[in-house]
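Structure file target_18.pdb (PDB, C-alpha atoms) is printed below.
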```
MODEL        1
ATOM      1  CA  MET U   1       3.203 -24.946  -7.092
ATOM      2  CA  TYR U   2       1.244 -22.619  -4.816
ATOM      3  CA  LYS U   3       3.644 -19.701  -5.334
ATOM      4  CA  HIS U   4       3.739 -19.937  -9.125
ATOM      5  CA  PHE U   5       0.155 -20.942  -9.958
ATOM      6  CA  PHE U   6      -2.441 -21.443  -7.234
ATOM      7  CA  LYS U   7      -1.665 -18.203  -5.376
ATOM      8  CA  ARG U   8      -2.543 -16.104  -8.438
ATOM      9  CA  LEU U   9      -5.681 -18.163  -9.133
ATOM     10  CA  ILE U  10      -6.886 -17.872  -5.534
ATOM     11  CA  ASP U  11      -6.128 -14.146  -5.510
ATOM     12  CA  PHE U  12      -8.192 -13.573  -8.654
ATOM     13  CA  LEU U  13     -11.205 -15.539  -7.405
ATOM     14  CA  LEU U  14     -11.179 -14.018  -3.910
ATOM     15  CA  ALA U  15     -10.707 -10.489  -5.281
ATOM     16  CA  LEU U  16     -13.662 -10.970  -7.632
ATOM     17  CA  VAL U  17     -15.909 -12.295  -4.857
ATOM     18  CA  GLY U  18     -14.598  -9.618  -2.498
ATOM     19  CA  LEU U  19     -15.424  -6.766  -4.873
ATOM     20  CA  ILE U  20     -18.957  -8.064  -5.291
ATOM     21  CA  CYS U  21     -19.442  -8.415  -1.526
ATOM     22  CA  VAL U  22     -18.019  -5.011  -0.567
ATOM     23  CA  SER U  23     -19.528  -3.072  -3.474
ATOM     24  CA  PRO U  24     -22.159  -1.444  -1.192
ATOM     25  CA  ILE U  25     -19.367  -0.251   1.132
ATOM     26  CA  LEU U  26     -17.365   1.048  -1.839
ATOM     27  CA  ILE U  27     -20.359   3.040  -3.048
ATOM     28  CA  VAL U  28     -21.057   4.594   0.374
ATOM     29  CA  VAL U  29     -17.394   5.478   1.008
ATOM     30  CA  THR U  30     -17.082   6.947  -2.496
ATOM     31  CA  ILE U  31     -20.041   9.262  -1.871
ATOM     32  CA  LEU U  32     -18.830  10.319   1.590
ATOM     33  CA  LEU U  33     -15.286  11.054   0.359
ATOM     34  CA  HIS U  34     -16.554  13.000  -2.640
ATOM     35  CA  PHE U  35     -18.155  15.533  -0.311
ATOM     36  CA  ALA U  36     -15.479  15.375   2.408
ATOM     37  CA  ASN U  37     -12.723  16.057  -0.145
ATOM     38  CA  LYS U  38     -14.530  19.212  -1.324
ATOM     39  CA  GLY U  39     -14.873  18.038  -4.910
ATOM     40  CA  ALA U  40     -11.333  16.668  -5.189
ATOM     41  CA  GLY U  41     -12.692  13.199  -5.989
ATOM     42  CA  ALA U  42     -12.888   9.964  -4.035
ATOM     43  CA  PHE U  43     -10.054   8.041  -5.726
ATOM     44  CA  PHE U  44      -6.463   8.622  -6.733
ATOM     45  CA  LEU U  45      -3.910   6.676  -8.735
ATOM     46  CA  GLN U  46      -0.278   6.517  -7.688
ATOM     47  CA  GLU U  47       2.711   4.843  -9.296
ATOM     48  CA  ARG U  48       4.216   2.014  -7.257
ATOM     49  CA  PRO U  49       6.811  -0.682  -8.071
ATOM     50  CA  GLY U  50       5.404  -4.188  -8.385
ATOM     51  CA  LEU U  51       6.714  -7.623  -9.353
ATOM     52  CA  ASN U  52      10.360  -7.338 -10.482
ATOM     53  CA  GLY U  53      10.166  -3.591  -9.863
ATOM     54  CA  LYS U  54       7.776  -2.976 -12.775
ATOM     55  CA  ILE U  55       5.805   0.221 -12.263
ATOM     56  CA  PHE U  56       2.006   0.085 -12.033
ATOM     57  CA  LYS U  57      -0.694   2.452 -10.791
ATOM     58  CA  VAL U  58      -2.230   1.545  -7.452
ATOM     59  CA  ILE U  59      -5.865   2.515  -6.847
ATOM     60  CA  LYS U  60      -6.758   3.958  -3.449
ATOM     61  CA  PHE U  61      -9.474   5.965  -1.805
ATOM     62  CA  LYS U  62      -8.471   9.623  -1.549
ATOM     63  CA  THR U  63      -8.537  10.477   2.148
ATOM     64  CA  MET U  64      -7.012  13.981   1.947
ATOM     65  CA  THR U  65      -8.107  17.191   0.276
ATOM     66  CA  ASP U  66      -5.969  19.169  -2.192
ATOM     67  CA  GLU U  67      -6.016  22.317  -0.057
ATOM     68  CA  ARG U  68      -3.073  24.701  -0.404
ATOM     69  CA  ASP U  69      -1.682  27.651   1.534
ATOM     70  CA  ALA U  70      -1.407  31.263   0.368
ATOM     71  CA  ASN U  71       1.764  30.412  -1.566
ATOM     72  CA  GLY U  72       0.110  27.602  -3.477
ATOM     73  CA  GLU U  73       1.882  24.863  -1.495
ATOM     74  CA  LEU U  74      -0.068  21.830  -0.324
ATOM     75  CA  LEU U  75      -0.928  21.906   3.360
ATOM     76  CA  SER U  76       0.558  19.209   5.597
ATOM     77  CA  ASN U  77      -0.899  15.700   5.492
ATOM     78  CA  LYS U  78      -2.306  16.214   8.988
ATOM     79  CA  GLU U  79      -4.178  19.351   7.897
ATOM     80  CA  ARG U  80      -5.509  17.779   4.701
ATOM     81  CA  LEU U  81      -6.636  14.486   6.239
ATOM     82  CA  THR U  82     -10.415  14.758   6.595
ATOM     83  CA  LYS U  83     -12.507  13.319   9.408
ATOM     84  CA  VAL U  84     -14.049  10.854   6.982
ATOM     85  CA  GLY U  85     -10.596  10.043   5.617
ATOM     86  CA  ARG U  86      -9.266   9.367   9.111
ATOM     87  CA  ILE U  87     -12.068   6.878   9.741
ATOM     88  CA  VAL U  88     -11.558   5.255   6.334
ATOM     89  CA  ARG U  89      -7.853   4.793   7.080
ATOM     90  CA  ALA U  90      -8.456   3.561  10.627
ATOM     91  CA  MET U  91     -10.766   0.861   9.257
ATOM     92  CA  SER U  92      -8.342   0.128   6.381
ATOM     93  CA  LEU U  93     -11.144   0.821   3.906
ATOM     94  CA  ASP U  94      -8.767   2.934   1.795
ATOM     95  CA  GLU U  95      -7.156  -0.322   0.631
ATOM     96  CA  LEU U  96     -10.372  -1.874  -0.756
ATOM     97  CA  PRO U  97     -10.068  -0.401  -4.302
ATOM     98  CA  GLN U  98      -6.801  -2.313  -4.625
ATOM     99  CA  LEU U  99      -8.892  -5.431  -5.184
ATOM    100  CA  ILE U 100      -9.074  -4.102  -8.749
ATOM    101  CA  ASN U 101      -5.261  -4.169  -8.880
ATOM    102  CA  VAL U 102      -5.402  -7.786  -7.712
ATOM    103  CA  LEU U 103      -7.827  -8.680 -10.510
ATOM    104  CA  LYS U 104      -5.520  -7.030 -13.044
ATOM    105  CA  GLY U 105      -2.526  -8.992 -11.758
ATOM    106  CA  ASP U 106      -0.612  -5.937 -10.500
ATOM    107  CA  MET U 107      -0.953  -7.092  -6.906
ATOM    108  CA  ALA U 108      -1.727 -10.089  -4.703
ATOM    109  CA  LEU U 109      -3.926 -10.205  -1.631
ATOM    110  CA  ILE U 110      -0.898 -11.077   0.507
ATOM    111  CA  GLY U 111       2.607  -9.764  -0.123
ATOM    112  CA  PRO U 112       4.986  -6.881   0.662
ATOM    113  CA  ARG U 113       3.162  -3.558   0.518
ATOM    114  CA  PRO U 114       4.008  -1.582  -2.650
ATOM    115  CA  LEU U 115       5.987   1.458  -1.517
ATOM    116  CA  LEU U 116       6.643   4.749  -3.300
ATOM    117  CA  THR U 117       8.828   4.637  -6.407
ATOM    118  CA  TRP U 118      11.576   6.797  -4.913
ATOM    119  CA  PHE U 119      12.530   3.935  -2.602
ATOM    120  CA  LEU U 120      13.823   1.917  -5.580
ATOM    121  CA  PRO U 121      17.267   3.559  -5.972
ATOM    122  CA  LEU U 122      17.937   3.206  -2.225
ATOM    123  CA  TYR U 123      17.461  -0.557  -1.848
ATOM    124  CA  ASP U 124      20.496  -2.738  -1.367
ATOM    125  CA  GLU U 125      20.506  -6.154  -3.046
ATOM    126  CA  GLU U 126      18.817  -7.877  -0.104
ATOM    127  CA  GLN U 127      16.100  -5.257   0.375
ATOM    128  CA  ALA U 128      15.284  -5.307  -3.347
ATOM    129  CA  ARG U 129      14.295  -8.961  -3.026
ATOM    130  CA  ARG U 130      10.896  -7.783  -1.758
ATOM    131  CA  HIS U 131      10.057  -7.351  -5.456
ATOM    132  CA  GLU U 132      10.527 -11.042  -6.234
ATOM    133  CA  VAL U 133       6.799 -11.511  -5.536
ATOM    134  CA  ARG U 134       3.721  -9.431  -6.310
ATOM    135  CA  PRO U 135       3.057  -6.705  -3.738
ATOM    136  CA  GLY U 136       0.037  -7.267  -1.511
ATOM    137  CA  ILE U 137      -2.857  -5.413   0.049
ATOM    138  CA  THR U 138      -1.596  -6.755   3.370
ATOM    139  CA  GLY U 139       1.568  -8.579   4.307
ATOM    140  CA  TRP U 140       3.892  -9.933   6.976
ATOM    141  CA  ALA U 141       5.218  -6.469   7.867
ATOM    142  CA  GLN U 142       1.668  -5.112   8.179
ATOM    143  CA  VAL U 143       0.653  -7.707  10.772
ATOM    144  CA  ASN U 144       3.902  -7.130  12.668
ATOM    145  CA  GLY U 145       3.637  -3.399  13.226
ATOM    146  CA  ARG U 146       2.128  -1.928  10.060
ATOM    147  CA  ASN U 147       2.970   1.800   9.925
ATOM    148  CA  THR U 148       4.568   1.945  13.363
ATOM    149  CA  ILE U 149       7.788   0.013  12.636
ATOM    150  CA  THR U 150      11.152   1.128  11.250
ATOM    151  CA  TYR U 151      12.012   1.031   7.569
ATOM    152  CA  GLY U 152      14.733  -1.494   8.307
ATOM    153  CA  ASN U 153      12.412  -3.908  10.086
ATOM    154  CA  LYS U 154       9.776  -3.516   7.382
ATOM    155  CA  PHE U 155      12.219  -4.675   4.710
ATOM    156  CA  LYS U 156      13.433  -7.567   6.867
ATOM    157  CA  TYR U 157       9.836  -8.757   7.299
ATOM    158  CA  ASP U 158       9.221  -8.413   3.552
ATOM    159  CA  VAL U 159      12.262 -10.460   2.561
ATOM    160  CA  TRP U 160      11.415 -13.060   5.208
ATOM    161  CA  TYR U 161       7.999 -13.418   3.592
ATOM    162  CA  VAL U 162       9.568 -13.908   0.160
ATOM    163  CA  ASP U 163      11.720 -16.727   1.550
ATOM    164  CA  HIS U 164       8.874 -18.426   3.435
ATOM    165  CA  LEU U 165       5.887 -17.813   1.145
ATOM    166  CA  SER U 166       3.321 -20.597   1.511
ATOM    167  CA  PHE U 167      -0.422 -21.156   1.612
ATOM    168  CA  LYS U 168      -0.256 -21.696   5.378
ATOM    169  CA  LEU U 169       1.622 -18.429   5.914
ATOM    170  CA  ASP U 170      -0.825 -16.495   3.736
ATOM    171  CA  LEU U 171      -3.739 -17.858   5.784
ATOM    172  CA  LYS U 172      -1.979 -16.805   8.975
ATOM    173  CA  ILE U 173      -1.401 -13.271   7.638
ATOM    174  CA  LEU U 174      -5.022 -13.023   6.497
ATOM    175  CA  TYR U 175      -6.252 -14.070   9.951
ATOM    176  CA  MET U 176      -3.898 -11.633  11.710
ATOM    177  CA  THR U 177      -4.940  -8.815   9.366
ATOM    178  CA  VAL U 178      -8.633  -9.270  10.148
ATOM    179  CA  LYS U 179      -7.848  -9.498  13.863
ATOM    180  CA  ASN U 180      -5.724  -6.320  13.803
ATOM    181  CA  VAL U 181      -8.293  -4.340  11.817
ATOM    182  CA  LEU U 182     -11.110  -5.320  14.180
ATOM    183  CA  SER U 183      -9.013  -4.345  17.194
ATOM    184  CA  SER U 184      -7.565  -1.221  15.484
ATOM    185  CA  LYS U 185      -4.091  -2.466  16.373
ATOM    186  CA  ASP U 186      -1.092  -0.485  15.034
ATOM    187  CA  ILE U 187      -3.352   2.030  13.288
ATOM    188  CA  GLY U 188      -1.906   5.084  14.995
ATOM    189  CA  ASN U 189      -3.462   8.440  14.071
ATOM    190  CA  GLY U 190      -4.290   7.590  10.483
ATOM    191  CA  LEU U 191      -0.949   8.975   9.295
ATOM    192  CA  SER U 192       2.348   7.199   8.792
ATOM    193  CA  ASN U 193       4.324   6.741  12.007
ATOM    194  CA  GLU U 194       7.178   4.740  10.525
ATOM    195  CA  VAL U 195      10.647   5.424  11.909
ATOM    196  CA  ASP U 196      13.287   6.214   9.275
ATOM    197  CA  ASP U 197      16.180   4.334  10.863
ATOM    198  CA  LEU U 198      18.030   4.220   7.517
ATOM    199  CA  GLY U 199      18.198   7.975   6.909
ATOM    200  CA  TRP U 200      16.298   7.596   3.643
ATOM    201  CA  ASP U 201      13.918  10.527   4.121
ATOM    202  CA  LYS U 202      16.927  12.868   4.015
ATOM    203  CA  ARG U 203      17.900  11.341   0.650
ATOM    204  CA  LYS U 204      14.399  11.583  -0.826
ATOM    205  CA  ASN U 205      15.144  14.371  -3.339
ATOM    206  CA  GLU U 206      18.292  12.588  -4.502
ATOM    207  CA  ALA U 207      16.406   9.300  -4.822
ATOM    208  CA  ILE U 208      13.594  10.926  -6.832
ATOM    209  CA  ARG U 209      16.162  12.381  -9.254
ATOM    210  CA  ILE U 210      17.865   9.000  -9.696
ATOM    211  CA  PHE U 211      14.524   7.274 -10.225
ATOM    212  CA  GLU U 212      13.511   9.779 -12.894
ATOM    213  CA  GLU U 213      16.836   9.400 -14.699
ATOM    214  CA  GLN U 214      17.479   5.664 -14.407
ATOM    215  CA  TYR U 215      14.450   3.689 -13.310
ATOM    216  CA  ARG U 216      11.409   5.174 -15.021
ATOM    217  CA  ASN U 217      12.379   4.302 -18.619
ATOM    218  CA  LYS U 218      13.615   0.853 -17.584
ATOM    219  CA  ASN U 219      10.396   0.010 -15.778
ATOM    220  CA  LYS U 220       7.895   1.228 -18.380
TER
ENDMDL
END
```

What is this structure when it is put down as structure tokens?
Amino acid sequence: MYKHFFKRLIDFLLALVGLICVSPILIVVTILLHFANKGAGAFFLQERPGLNGKIFKVIKFKTMTDERDANGELLSNKERLTKVGRIVRAMSLDELPQLINVLKGDMALIGPRPLLTWFLPLYDEEQARRHEVRPGITGWAQVNGRNTITYGNKFKYDVWYVDHLSFKLDLKILYMTVKNVLSSKDIGNGLSNEVDDLGWDKRKNEAIRIFEEQYRNKNK
């Protein structure tokens, strides 16, 4: 009953109250990022797979500039990550706009983090089960290593959450999330430190091509 009804109701109510409570923070961060990003804007939208793999646009604070080199290529993430952006990421404030996604029903407060779309063609049947529930702002993998664990472990944590989803578990994850944020645990340097133990990064271009050909039309 919780999984199929009360979880969504609780998510909606808490996201609504949360947006009202953090609105002053959202306004301040928006202003700071607008100037730090050199006019590139404070928000960005990015396609991510959600419940049952359906594509939606996640809303996040933009923590990097759009600066390019002499050849017109984007600089590295490390070079484009601003000082303000690094602080925003370290405090997990870049995730706050996703409360809007929760209100819309694209996401839940707790669930597997929505990853990039090019991951979709690479999942095996077990790994793809992470899409049996709505993706979350935080989740079981995030409180067990966040961006410092391997891809393989991340997916194992996600599927474990799907199999054990409960109100009690969600409360535990929420508590651990707050505790980790306050202690800056597993934050790293503000950039992703995940270990690609599956060799997927080497198959990224192939996966993007397959997604464009097979997944995009199916998931519209």

Computed interatomic separation between atom CA of Phe61 of chain U and atom CA of Leu96 of chain U (Å): 8.0 Å

Can you pull out the residues contacting segment 75-89 of chain U? Cut-off 9 Å, using all atoms listed in the file, and skip same-chain residues under 4 positions away; I want them as a short mmCIF file (atom, residue, chain, number, x, y, z; two decimals) with C-alpha atoms, in the coordinates of the input.
```
data_model
loop_
_atom_site.label_atom_id
_atom_site.label_comp_id
_atom_site.auth_asym_id
_atom_site.auth_seq_id
_atom_site.Cartn_x
_atom_site.Cartn_y
_atom_site.Cartn_z
CA VAL U 29 -17.39 5.48 1.01
CA LEU U 32 -18.83 10.32 1.59
CA LEU U 33 -15.29 11.05 0.36
CA ALA U 36 -15.48 15.38 2.41
CA ASN U 37 -12.72 16.06 -0.14
CA PHE U 61 -9.47 5.96 -1.80
CA LYS U 62 -8.47 9.62 -1.55
CA THR U 63 -8.54 10.48 2.15
CA MET U 64 -7.01 13.98 1.95
CA THR U 65 -8.11 17.19 0.28
CA ASP U 66 -5.97 19.17 -2.19
CA GLU U 67 -6.02 22.32 -0.06
CA ARG U 68 -3.07 24.70 -0.40
CA ASP U 69 -1.68 27.65 1.53
CA LEU U 93 -11.14 0.82 3.91
CA ASP U 94 -8.77 2.93 1.80
CA GLU U 95 -7.16 -0.32 0.63
CA ILE U 187 -3.35 2.03 13.29
CA ASN U 189 -3.46 8.44 14.07
CA GLY U 190 -4.29 7.59 10.48
CA LEU U 191 -0.95 8.98 9.30
#
```

Given the PyMOL selection byres ((chain U and resi 148) around 6), the residues it picks as a ChimeraX atom specification: /U:145-147,149,193-194

Long-range neighbours of Pro135 of chain U as a list in words, 7 Å cut-off, all atoms listed in the file, 5 positions minimum in chain: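 Counting all atoms listed in the file, the residues come to Gly50, Leu51, Met107, Ala108, Gly111, Pro112, Arg113 and Pro114 of chain U.
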
Let me have the centre and edge lengths of the axis-aligned box enclosing all listed atoms of segment 63-71 of chain U with 5 Å padding on every side, in Å to one decimal, as JSON.
```
{"center_x": -3.4, "center_y": 20.9, "center_z": 0.0, "size_x": 20.3, "size_y": 30.8, "size_z": 14.3}
```

Atom pair atom CA of Lys204 of chain U / atom CA of Leu122 of chain U: separation (Å):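 Atom CA of Leu122 of chain U lies at a distance of 9.2 Å from atom CA of Lys204 of chain U.
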
Output check: residues returned by the PyMOL selection byres ((chain U and resi 163) around 12), as an NGL selection string: :U and (3 or 111-112 or 126 or 129-133 or 140 or 156-162 or 164-166 or 169)

Selection dump of the PyMOL selection byres ((chain U and resi 106) around 12), as a PyMOL selection string: chain U and resi 8+11-12+47-59+98-105+107-109+111+113-114+131+133-137

Pick from U:Val195, U:Asp170, U:Trp118, U:Val181 nearest to Ile210 of chain U, counting only C-alpha atoms: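 Of U:Val195, U:Asp170, U:Trp118, U:Val181, the one nearest Ile210 of chain U is U:Trp118, counting only C-alpha atoms.
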
Interatomic distance, atom CA of Ser92 of chain U to atom CA of Lys168 of chain U (Å, one decimal): 23.3 Å

Proximity to Leu198 of chain U - best of U:Ala128, U:Leu14, U:Gln142, U:Tyr123, all atoms listed in the file: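 For Leu198 of chain U, the nearest of the candidates is U:Tyr123.
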
Which residue of U:Val28, U:Leu171, U:Ala141, U:Phe43 approaches Ile10 of chain U most closely, using only C-alpha atoms: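 With only C-alpha atoms as the atom set, the closest residue is U:Leu171.
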
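In this comparison, which uses only C-alpha atoms, the residue of U:Gly18, U:Leu120, U:Glu125, U:Thr150 approaching Glu206 of chain U most closely is U:Leu120.
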
Closest of U:Arg209, U:Lys60, U:Ser23, U:Asp201 to Gly41 of chain U - atom-to-atom distances counting only C-alpha atoms: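 Nearest to Gly41 of chain U: U:Lys60.
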